[in-house]
$ cat data.cif   # mmCIF, C-alpha atoms
data_entry
loop_
_atom_site.label_atom_id
_atom_site.label_comp_id
_atom_site.auth_asym_id
_atom_site.auth_seq_id
_atom_site.Cartn_x
_atom_site.Cartn_y
_atom_site.Cartn_z
CA MET A 601 77.06 -94.47 -76.52
CA MET A 602 77.60 -90.95 -77.79
CA GLU A 603 76.76 -92.09 -81.31
CA PHE A 604 73.57 -93.70 -80.09
CA ARG A 605 72.54 -90.50 -78.31
CA LEU A 606 73.26 -88.42 -81.41
CA ARG A 607 71.23 -90.80 -83.57
CA GLU A 608 68.36 -90.71 -81.11
CA ARG A 609 68.46 -86.92 -81.05
CA ARG A 610 68.45 -86.79 -84.87
CA VAL A 611 65.34 -88.97 -84.95
CA HIS A 612 63.58 -86.55 -82.61
CA VAL A 613 64.61 -83.56 -84.71
CA GLN A 614 63.26 -85.29 -87.82
CA GLN A 615 59.95 -85.73 -86.10
CA TRP A 616 59.58 -82.03 -85.32
CA PRO A 617 57.90 -81.00 -88.62
CA GLU A 618 55.31 -83.76 -88.14
CA LYS A 619 54.66 -82.64 -84.61
CA LEU A 620 54.42 -79.02 -85.72
CA ALA A 621 51.96 -79.90 -88.48
CA GLU A 622 49.91 -81.89 -86.00
CA ARG A 623 49.82 -78.94 -83.62
CA ILE A 624 48.80 -76.53 -86.41
CA ARG A 625 46.02 -78.95 -87.44
CA ALA A 626 44.81 -79.11 -83.84
CA VAL A 627 44.72 -75.32 -83.55
CA SER A 628 43.13 -74.73 -86.94
CA VAL A 629 40.31 -77.20 -86.35
CA ARG A 630 37.74 -74.96 -84.69
CA PRO A 631 35.37 -76.83 -82.38
CA THR A 632 31.78 -77.03 -83.53
CA ARG A 633 29.15 -74.76 -82.02
CA SER A 634 27.66 -77.55 -79.94
CA VAL A 635 31.10 -78.40 -78.46
CA ARG A 636 31.72 -74.74 -77.64
CA ILE A 637 28.33 -74.48 -75.93
CA ALA A 638 29.04 -77.67 -73.98
CA ARG A 639 32.41 -76.26 -72.85
CA HIS A 640 30.86 -72.98 -71.71
CA ARG A 641 28.18 -74.91 -69.86
CA SER A 642 30.87 -77.06 -68.21
CA LEU A 643 32.80 -73.95 -67.10
CA LEU A 644 29.66 -72.41 -65.62
CA LEU A 645 28.82 -75.64 -63.83
CA GLN A 646 32.39 -75.86 -62.50
CA GLY A 647 32.13 -72.30 -61.15
CA PHE A 648 28.79 -73.11 -59.50
CA ALA A 649 30.21 -76.34 -58.02
CA ALA A 650 33.25 -74.42 -56.71
CA VAL A 651 31.12 -71.90 -54.84
CA CYS A 652 28.64 -74.49 -53.48
CA GLY A 653 31.39 -76.97 -52.54
CA GLY A 654 33.48 -74.21 -50.97
CA LEU A 655 30.61 -72.97 -48.80
CA VAL A 656 29.70 -76.51 -47.71
CA GLY A 657 33.37 -77.19 -46.92
CA TYR A 658 33.65 -73.95 -44.97
CA ALA A 659 30.63 -74.91 -42.86
CA SER A 660 32.14 -78.36 -42.20
CA PRO A 661 34.76 -78.99 -39.47
CA ILE A 662 37.42 -80.00 -42.07
CA PRO A 663 40.56 -77.81 -41.91
CA ALA A 664 40.78 -75.55 -45.00
CA GLY A 665 37.26 -76.79 -45.77
CA ALA A 666 36.51 -74.10 -48.36
CA PHE A 667 39.57 -75.18 -50.37
CA PHE A 668 38.75 -78.90 -50.21
CA GLY A 669 35.01 -78.38 -50.85
CA SER A 670 35.66 -76.25 -53.91
CA MET A 671 38.31 -78.66 -55.23
CA ALA A 672 36.11 -81.73 -54.78
CA GLY A 673 33.06 -80.02 -56.34
CA VAL A 674 34.97 -78.95 -59.43
CA ALA A 675 36.77 -82.31 -59.79
CA VAL A 676 33.43 -84.18 -59.78
CA VAL A 677 31.73 -81.79 -62.25
CA ALA A 678 34.78 -81.68 -64.56
CA SER A 679 34.88 -85.48 -64.75
CA GLN A 680 31.21 -85.67 -65.72
CA THR A 681 31.04 -82.91 -68.34
CA GLU A 682 32.77 -81.82 -71.57
CA PRO A 683 36.52 -81.23 -70.83
CA ALA A 684 36.88 -77.44 -70.45
CA PRO A 685 40.05 -76.22 -68.71
CA PHE A 686 40.01 -72.81 -67.04
CA PRO A 687 41.70 -70.08 -69.13
CA SER A 688 45.36 -69.58 -68.19
CA TRP A 689 44.81 -65.98 -67.02
CA LEU A 690 42.17 -67.21 -64.55
CA ARG A 691 44.50 -69.89 -63.17
CA ASP A 692 47.28 -67.30 -62.77
CA LEU A 693 44.91 -64.82 -61.12
CA ALA A 694 43.92 -67.47 -58.54
CA ARG A 695 47.63 -68.12 -57.84
CA MET A 696 48.28 -64.38 -57.47
CA LEU A 697 45.39 -64.07 -55.00
CA THR A 698 46.77 -66.96 -52.94
CA GLY A 699 50.24 -65.39 -52.86
CA THR A 700 48.78 -62.00 -52.02
CA ALA A 701 46.77 -63.44 -49.13
CA ALA A 702 49.98 -64.98 -47.72
CA GLY A 703 52.02 -61.81 -48.26
CA ALA A 704 49.37 -59.64 -46.60
CA LEU A 705 49.99 -61.54 -43.33
CA VAL A 706 53.40 -59.85 -43.02
CA SER A 707 53.38 -56.72 -40.88
CA ARG A 708 55.99 -54.38 -39.40
CA ASN A 709 54.96 -55.44 -35.88
CA VAL A 710 55.81 -59.09 -36.62
CA ILE A 711 59.29 -58.22 -37.90
CA VAL A 712 60.03 -55.88 -34.97
CA GLU A 713 58.83 -58.49 -32.47
CA LEU A 714 61.22 -61.12 -33.80
CA GLY A 715 64.17 -58.67 -34.02
CA TRP A 716 67.46 -60.34 -33.09
CA ALA A 717 65.73 -63.70 -32.84
CA LEU A 718 65.20 -63.66 -36.63
CA ALA A 719 68.40 -65.69 -37.14
CA TRP A 720 67.23 -68.36 -34.67
CA GLY A 721 63.81 -68.46 -36.33
CA ALA A 722 65.49 -68.89 -39.73
CA PHE A 723 67.70 -71.67 -38.33
CA ALA A 724 64.73 -73.54 -36.83
CA ASN A 725 62.91 -73.19 -40.14
CA MET A 726 65.87 -74.53 -42.11
CA VAL A 727 65.96 -77.59 -39.80
CA ILE A 728 62.22 -78.22 -40.30
CA ILE A 729 62.40 -77.71 -44.07
CA GLY A 730 65.50 -79.92 -44.20
CA ILE A 731 63.84 -82.78 -42.36
CA GLY A 732 60.78 -82.31 -44.62
CA LEU A 733 62.93 -82.68 -47.73
CA PHE A 734 64.65 -85.73 -46.20
CA CYS A 735 61.25 -87.32 -45.48
CA GLY A 736 60.29 -86.52 -49.08
CA TYR A 737 63.46 -88.26 -50.29
CA LEU A 738 62.62 -91.36 -48.21
CA PHE A 739 59.02 -91.24 -49.42
CA ALA A 740 60.20 -91.18 -53.05
CA LYS A 741 62.56 -94.08 -52.40
CA TRP A 742 59.98 -96.27 -50.66
CA SER A 743 56.92 -95.53 -52.77
CA GLY A 744 58.49 -95.02 -56.21
CA ILE A 745 56.84 -91.62 -56.60
CA ASP A 746 58.99 -89.04 -58.41
CA ARG A 747 61.26 -86.92 -56.16
CA PRO A 748 59.85 -83.42 -56.93
CA THR A 749 56.33 -84.63 -56.03
CA ALA A 750 57.52 -86.40 -52.86
CA MET A 751 59.66 -83.49 -51.66
CA LEU A 752 56.91 -80.94 -52.27
CA ALA A 753 54.48 -83.24 -50.46
CA PHE A 754 56.64 -83.09 -47.33
CA SER A 755 57.48 -79.36 -47.54
CA PRO A 756 56.19 -77.84 -44.28
CA GLY A 757 54.04 -74.99 -45.64
CA GLY A 758 50.33 -74.22 -45.66
CA ILE A 759 48.23 -76.64 -47.68
CA VAL A 760 46.74 -73.96 -49.95
CA GLU A 761 50.12 -72.40 -50.71
CA ILE A 762 51.91 -75.71 -51.34
CA ALA A 763 49.02 -77.00 -53.47
CA THR A 764 49.29 -73.80 -55.54
CA LEU A 765 53.05 -74.31 -55.88
CA ALA A 766 52.44 -77.94 -56.93
CA ASP A 767 49.89 -76.82 -59.52
CA GLU A 768 52.39 -74.30 -60.88
CA SER A 769 55.20 -76.90 -60.98
CA ASP A 770 55.06 -80.05 -63.07
CA VAL A 771 54.25 -82.53 -60.26
CA GLN A 772 51.43 -84.88 -59.24
CA SER A 773 49.21 -82.43 -57.36
CA HIS A 774 46.81 -85.06 -55.97
CA ILE A 775 49.62 -86.80 -54.05
CA VAL A 776 50.94 -83.52 -52.65
CA ILE A 777 47.44 -82.55 -51.51
CA ALA A 778 46.75 -85.97 -49.93
CA VAL A 779 49.98 -85.89 -47.87
CA HIS A 780 49.27 -82.32 -46.75
CA LEU A 781 45.73 -83.21 -45.72
CA ILE A 782 47.04 -86.08 -43.55
CA ARG A 783 49.71 -83.76 -42.08
CA ARG A 784 47.19 -81.03 -41.32
CA LEU A 785 44.81 -83.43 -39.57
CA LEU A 786 47.75 -84.90 -37.61
CA THR A 787 48.92 -81.36 -36.68
CA LEU A 788 45.52 -80.47 -35.29
CA ALA A 789 45.33 -83.73 -33.33
CA VAL A 790 48.85 -83.16 -31.91
CA LEU A 791 47.98 -79.56 -31.01
CA VAL A 792 44.83 -80.56 -29.15
CA LEU A 793 46.79 -83.14 -27.12
CA LEU A 794 49.72 -80.79 -26.56
CA LEU A 795 47.68 -77.80 -25.46
CA SER A 796 45.49 -79.82 -23.13
CA ALA A 797 48.64 -81.27 -21.54
CA LEU A 798 50.75 -78.08 -21.36
CA VAL A 799 48.21 -75.33 -20.69
CA GLU A 800 46.87 -77.12 -17.61
CA MET B 1270 39.05 -53.66 -45.77
CA SER B 1271 41.48 -50.84 -44.97
CA VAL B 1272 43.29 -48.79 -47.61
CA SER B 1273 46.68 -50.40 -46.77
CA LEU B 1274 45.23 -53.89 -47.16
CA ALA B 1275 43.60 -52.95 -50.49
CA LEU B 1276 46.94 -51.52 -51.66
CA ALA B 1277 48.67 -54.72 -50.50
CA PHE B 1278 46.31 -56.63 -52.82
CA VAL B 1279 47.21 -54.29 -55.68
CA GLY B 1280 50.92 -54.81 -54.87
CA GLY B 1281 50.46 -58.59 -54.77
CA ILE B 1282 48.66 -58.73 -58.11
CA ALA B 1283 51.29 -56.40 -59.63
CA GLY B 1284 54.14 -58.60 -58.32
CA GLY B 1285 52.48 -61.72 -59.72
CA ALA B 1286 51.78 -60.00 -63.05
CA ILE B 1287 55.43 -58.94 -63.40
CA ALA B 1288 56.58 -62.53 -62.74
CA ARG B 1289 54.01 -63.76 -65.29
CA PHE B 1290 55.17 -61.22 -67.86
CA TYR B 1291 58.80 -62.31 -67.52
CA ARG B 1292 57.72 -65.99 -67.43
CA ILE B 1293 59.66 -66.75 -64.23
CA PRO B 1294 59.03 -70.43 -63.38
CA GLY B 1295 57.15 -70.61 -60.07
CA GLY B 1296 57.42 -66.83 -59.91
CA ILE B 1297 53.74 -65.89 -59.88
CA LEU B 1298 53.27 -67.05 -56.29
CA LEU B 1299 56.59 -65.63 -55.06
CA GLY B 1300 56.03 -62.33 -56.93
CA SER B 1301 52.62 -61.83 -55.38
CA VAL B 1302 53.85 -62.75 -51.86
CA LEU B 1303 56.74 -60.28 -52.12
CA GLY B 1304 54.56 -57.57 -53.70
CA ALA B 1305 51.92 -57.77 -50.98
CA ALA B 1306 54.49 -58.04 -48.16
CA ALA B 1307 56.46 -55.04 -49.48
CA VAL B 1308 53.36 -52.85 -49.55
CA GLN B 1309 52.27 -54.00 -46.07
CA LEU B 1310 55.71 -53.21 -44.65
CA ALA B 1311 55.98 -49.87 -46.47
CA LEU B 1312 52.56 -48.68 -45.28
CA GLY B 1313 52.82 -50.28 -41.84
CA GLY B 1314 49.51 -52.11 -42.27
CA GLU B 1315 48.47 -54.29 -39.32
CA GLU B 1316 44.96 -55.35 -40.34
CA SER B 1317 44.49 -59.07 -41.06
CA LEU B 1318 42.38 -60.49 -43.89
CA SER B 1319 38.67 -60.93 -43.27
CA VAL B 1320 37.18 -64.42 -43.27
CA ALA B 1321 35.20 -63.65 -46.46
CA VAL B 1322 38.38 -62.77 -48.38
CA ARG B 1323 40.24 -65.85 -47.12
CA VAL B 1324 37.34 -68.17 -48.01
CA SER B 1325 37.00 -66.58 -51.48
CA VAL B 1326 40.71 -67.08 -52.17
CA GLN B 1327 40.51 -70.70 -51.00
CA ILE B 1328 37.46 -71.34 -53.23
CA ALA B 1329 39.23 -69.79 -56.26
CA ILE B 1330 42.44 -71.82 -55.93
CA GLY B 1331 40.48 -74.95 -54.97
CA ALA B 1332 38.51 -74.65 -58.22
CA VAL B 1333 41.65 -74.23 -60.32
CA ILE B 1334 43.36 -77.25 -58.73
CA GLY B 1335 40.17 -79.34 -58.77
CA ALA B 1336 39.83 -78.80 -62.54
CA SER B 1337 43.27 -80.33 -63.09
CA LEU B 1338 42.62 -83.41 -60.92
CA LYS B 1339 41.64 -86.70 -62.52
CA LEU B 1340 39.39 -88.87 -60.38
CA ASP B 1341 40.96 -92.10 -61.72
CA SER B 1342 44.39 -90.95 -60.44
CA LEU B 1343 43.10 -91.21 -56.87
CA SER B 1344 43.74 -94.96 -56.95
CA GLY B 1345 47.46 -94.17 -56.60
CA LEU B 1346 46.90 -92.77 -53.12
CA LYS B 1347 47.27 -96.20 -51.43
CA GLN B 1348 51.06 -95.64 -51.24
CA VAL B 1349 50.47 -92.24 -49.62
CA VAL B 1350 48.33 -93.71 -46.82
CA LEU B 1351 50.90 -96.47 -46.25
CA PHE B 1352 54.12 -94.44 -46.09
CA THR B 1353 53.05 -90.98 -44.90
CA PRO B 1354 52.26 -91.53 -41.17
CA PRO B 1355 55.72 -92.85 -40.07
CA LEU B 1356 57.50 -90.07 -41.97
CA LEU B 1357 55.21 -87.46 -40.48
CA ILE B 1358 55.92 -88.77 -36.98
CA LEU B 1359 59.66 -88.34 -37.69
CA MET B 1360 59.00 -84.82 -38.97
CA PHE B 1361 56.93 -83.91 -35.90
CA GLY B 1362 59.64 -85.30 -33.59
CA VAL B 1363 62.36 -83.12 -35.14
CA ALA B 1364 60.04 -80.09 -35.24
CA GLY B 1365 59.17 -80.61 -31.55
CA PHE B 1366 62.85 -80.85 -30.60
CA SER B 1367 63.73 -77.66 -32.53
CA GLY B 1368 60.73 -75.95 -30.89
CA ILE B 1369 62.00 -76.78 -27.39
CA LEU B 1370 65.47 -75.59 -28.43
CA LEU B 1371 64.04 -72.35 -29.86
CA ALA B 1372 62.10 -71.74 -26.63
CA ALA B 1373 65.28 -72.23 -24.58
CA VAL B 1374 67.35 -69.91 -26.78
CA LEU B 1375 64.74 -67.13 -27.01
CA GLY B 1376 63.64 -67.44 -23.40
CA VAL B 1377 59.97 -67.92 -24.29
CA SER B 1378 57.53 -70.59 -23.11
CA VAL B 1379 57.71 -74.13 -24.48
CA ILE B 1380 54.21 -73.72 -25.96
CA THR B 1381 55.38 -70.70 -27.99
CA GLY B 1382 58.43 -72.62 -29.22
CA LEU B 1383 56.37 -75.65 -30.20
CA LEU B 1384 53.68 -73.56 -31.91
CA ALA B 1385 56.38 -71.70 -33.85
CA THR B 1386 58.01 -74.85 -35.18
CA ILE B 1387 55.06 -77.22 -35.66
CA PRO B 1388 54.75 -77.93 -39.40
CA GLY B 1389 51.13 -76.87 -39.86
CA GLY B 1390 49.28 -74.20 -41.82
CA ALA B 1391 50.43 -70.71 -40.75
CA SER B 1392 46.90 -69.30 -40.49
CA ASP B 1393 45.68 -72.14 -38.19
CA ILE B 1394 48.65 -72.01 -35.85
CA ILE B 1395 48.69 -68.20 -35.66
CA ALA B 1396 44.96 -68.25 -34.83
CA ILE B 1397 45.59 -70.80 -32.04
CA ALA B 1398 48.52 -68.73 -30.69
CA LEU B 1399 46.31 -65.61 -30.68
CA ASP B 1400 43.58 -67.59 -28.93
CA ILE B 1401 45.78 -68.78 -26.07
CA GLY B 1402 47.57 -65.40 -26.05
CA ASP B 1403 51.06 -66.81 -25.85
CA GLY B 1404 53.80 -65.22 -28.00
CA ALA B 1405 51.53 -64.90 -31.04
CA SER B 1406 53.88 -62.40 -32.73
CA ILE B 1407 56.89 -64.74 -32.49
CA VAL B 1408 54.79 -67.68 -33.72
CA ALA B 1409 53.50 -65.58 -36.65
CA ALA B 1410 56.99 -64.30 -37.50
CA VAL B 1411 58.58 -67.77 -37.57
CA HIS B 1412 55.73 -69.18 -39.70
CA LEU B 1413 55.87 -66.28 -42.17
CA LEU B 1414 59.63 -66.62 -42.39
CA ARG B 1415 59.12 -70.30 -43.27
CA LEU B 1416 56.61 -69.39 -45.99
CA LEU B 1417 59.08 -66.92 -47.49
CA ILE B 1418 61.89 -69.51 -47.37
CA ILE B 1419 59.65 -72.10 -49.02
CA TYR B 1420 58.54 -69.74 -51.77
CA GLY B 1421 61.95 -68.17 -52.36
CA VAL B 1422 64.54 -70.86 -51.67
CA LEU B 1423 62.57 -74.03 -52.29
CA THR B 1424 61.14 -72.89 -55.63
CA THR B 1425 64.66 -72.10 -56.83
CA PHE B 1426 65.94 -75.39 -55.41
CA PHE B 1427 63.29 -77.40 -57.26
CA ARG B 1428 64.02 -75.54 -60.48
CA LYS B 1429 67.77 -76.24 -60.23
CA ALA B 1430 67.55 -79.81 -58.87
CA PHE B 1431 64.77 -81.05 -61.15
CA PRO B 1432 64.91 -79.06 -64.40
CA PRO B 1433 62.22 -79.76 -67.02
CA ALA B 1434 63.19 -82.23 -69.76
CA PRO B 1435 64.74 -80.61 -72.87
CA VAL B 1436 62.46 -80.40 -75.91
CA ASP B 1437 64.52 -82.85 -77.99
CA GLU B 1438 64.19 -85.52 -75.31
CA ILE B 1439 60.41 -85.52 -75.35
CA THR B 1440 59.26 -88.77 -76.86
CA PRO B 1441 56.69 -88.42 -79.64
CA GLN B 1442 53.15 -89.48 -78.75
CA VAL B 1443 51.99 -91.43 -81.79
#

$ encode --input "data.cif" --output "structure tokens"
Amino acid sequence: MMEFRLRERRVHVQQWPEKLAERIRAVSVRPTRSVRIARHRSLLLQGFAAVCGGLVGYASPIPAGAFFGSMAGVAVVASQTEPAPFPSWLRDLARMLTGTAAGALVSRNVIVELGWALAWGAFANMVIIGIGLFCGYLFAKWSGIDRPTAMLAFSPGGIVEIATLADESDVQSHIVIAVHLIRRLLTLAVLVLLLSALVE
Amino acid sequence: MSVSLALAFVGGIAGGAIARFYRIPGGILLGSVLGAAAVQLALGGEESLSVAVRVSVQIAIGAVIGASLKLDSLSGLKQVVLFTPPLLILMFGVAGFSGILLAAVLGVSVITGLLATIPGGASDIIAIALDIGDGASIVAAVHLLRLLIIYGVLTTFFRKAFPPAPVDEITPQV
């Protein structure tokens, strides 16, 4: 067994120079002017689709509509035009903005209000996160989807934040987003029922 | 936008940039959350984000994620629709039970307990709690605590439990 593994590993190592040469060839082949223009046009169109889709989504009654509208707009345009991924710095900047927006919600008043109850709040959160991870484990087992994707899909956080985390990790983002959309819609439905029953 | 909120944005971007510089896996999000939260706490800022800022952030991250989605991969969502609802019902049941328990322990109303533990988006639930005026601070605190646990603990957990495949195990694509 060990010998087999070693042999397999040696084969991979032997293939490295070929892979490296292939990568160098890919980098050194500069795209033609027409391809570059098509890529720039695609990026501009994606930006336009993001803004239009986001505003339409915001005006719609869908929860986190701006996020979904922008995502859908860009996904449609990107599939119809020359493949042109966003530069890595732009992707990271969007992630930083999402994290900053979440962090800016924290205030001294919130911490003081919770005070001694912080431990109970943490305990309740651990229970909810734990059951989320367990549901993710079951989901992976039943559906055959990989565990990191399934567990992230059932992590009880905000859809925008978890989608950003999924994008940053190496998981199937579309599945995570779909589960969170269903959860968010179900949450709102439960809340409407709950509040109408309890507040009265 | 107040000065403290603007500085919180600077802190958030700085935290994210530091994590990016040191190439911490999953650290950009956590770095920016911690950076912004630290500045908010240090300056005692209480102002919440305006709708325009929130919508702009959602549009930006929506665009980035949308560009990485493949429309043909949506066919795999059949499994999601089939298996998600029963698991979510289980999740809501446990969350509801812990909410009632939290309300009993803290001596707050059942609505506050349930709003604090319901597994929804923090911004939605906090807005609803503010609207009905029932323990909004406790609801906000529990939800923010959950976000911090997810970013801090869960990111580390995923990194340890599911490490990326070593380079020599990547199969060649010929």

$ atom_distance --input "data.cif" --atom1 "CA of Leu644 in chain A" --atom2 "CA of His780 in chain A"
29.0 Å

$ atom_distance --input "data.cif" --atom1 "CA of Ala659 in chain A" --atom2 "CA of Ile1328 in chain B"
12.9 Å

$ resolve_selection --input "data.cif" --expression "the PyMOL selection byres ((chain A and resi 713-729) around 8)" --output "ChimeraX atom specification"
/A:709-712,730-733,755-756 /B:1360,1363-1364,1367-1368,1371,1375,1386,1388,1406-1407,1410-1411,1414-1415,1419

$ closest_residue --input "data.cif" --among "A:Arg695, A:Gly654, A:Val635, A:Leu690" --to "Gly1300 in chain B" --atoms "all atoms listed in the file"
A:Arg695

$ closest_residue --input "data.cif" --among "A:Ile775, A:Trp742, A:Ala675, A:Leu697" --to "Leu1338 in chain B" --atoms "all atoms listed in the file"
A:Ala675

$ closest_residue --input "data.cif" --among "B:Phe1426, B:Phe1278, B:Phe1366, B:Phe1290" --to "chain A" --atoms "only C-alpha atoms"
B:Phe1278

$ closest_residue --input "data.cif" --among "A:Leu785, A:Ile662, A:Ala694, A:Val792" --to "Asp767 in chain A" --atoms "only C-alpha atoms"
A:Ala694

$ residues_near_point --input "data.cif" --point "(34.3, -79.8, -72.7)" --cutoff "8 Å" --atoms "only C-alpha atoms" --output "list in words"
Val635, Arg636, Ala638, Arg639, His640, Ser642, Thr681, Glu682, Pro683, Ala684 and Pro685 of chain A

$ resolve_selection --input "data.cif" --expression "the PyMOL selection byres ((chain B and resi 1285) around 8)" --output "MDAnalysis selection string"
(chainID A and resid 696) or (chainID B and resid 1281:1284 1286:1289 1296:1301 1304)

$ resolve_selection --input "data.cif" --expression "the PyMOL selection byres ((chain A and resi 751) around 9)" --output "number ranges by chain"
A: 732-737, 739-740, 746-750, 752-755, 776

$ atom_distance --input "data.cif" --atom1 "CA of Val1272 in chain B" --atom2 "CA of Val706 in chain A"
15.7 Å

$ closest_residue --input "data.cif" --among "A:Leu793, A:Ala702, A:Ala672, A:Leu788" --to "Ser1337 in chain B" --atoms "all atoms listed in the file"
A:Ala672

$ decode --input "data.cif" --residues "range 752-771 of chain A" --atoms "C-alpha atoms" --output "compact mmCIF listing (two decimals), in the first residue's frame"
# COMPACT_ATOMS: atom_id res chain seq x y z
CA LEU A 752 -21.78 25.92 5.57
CA ALA A 753 -25.23 25.75 3.97
CA PHE A 754 -26.79 25.03 7.38
CA SER A 755 -24.65 27.50 9.38
CA PRO A 756 -27.12 29.92 10.99
CA GLY A 757 -25.67 33.26 9.87
CA GLY A 758 -26.84 36.05 7.58
CA ILE A 759 -27.13 35.06 3.93
CA VAL A 760 -24.76 37.76 2.67
CA GLU A 761 -22.08 36.93 5.25
CA ILE A 762 -22.29 33.15 4.77
CA ALA A 763 -22.33 33.52 0.97
CA THR A 764 -19.17 35.63 1.27
CA LEU A 765 -17.58 32.99 3.50
CA ALA A 766 -18.57 30.30 0.96
CA ASP A 767 -17.05 32.32 -1.87
CA GLU A 768 -13.84 32.69 0.13
CA SER A 769 -13.74 28.96 0.97
CA ASP A 770 -13.50 26.23 -1.65
CA VAL A 771 -17.16 25.10 -1.59
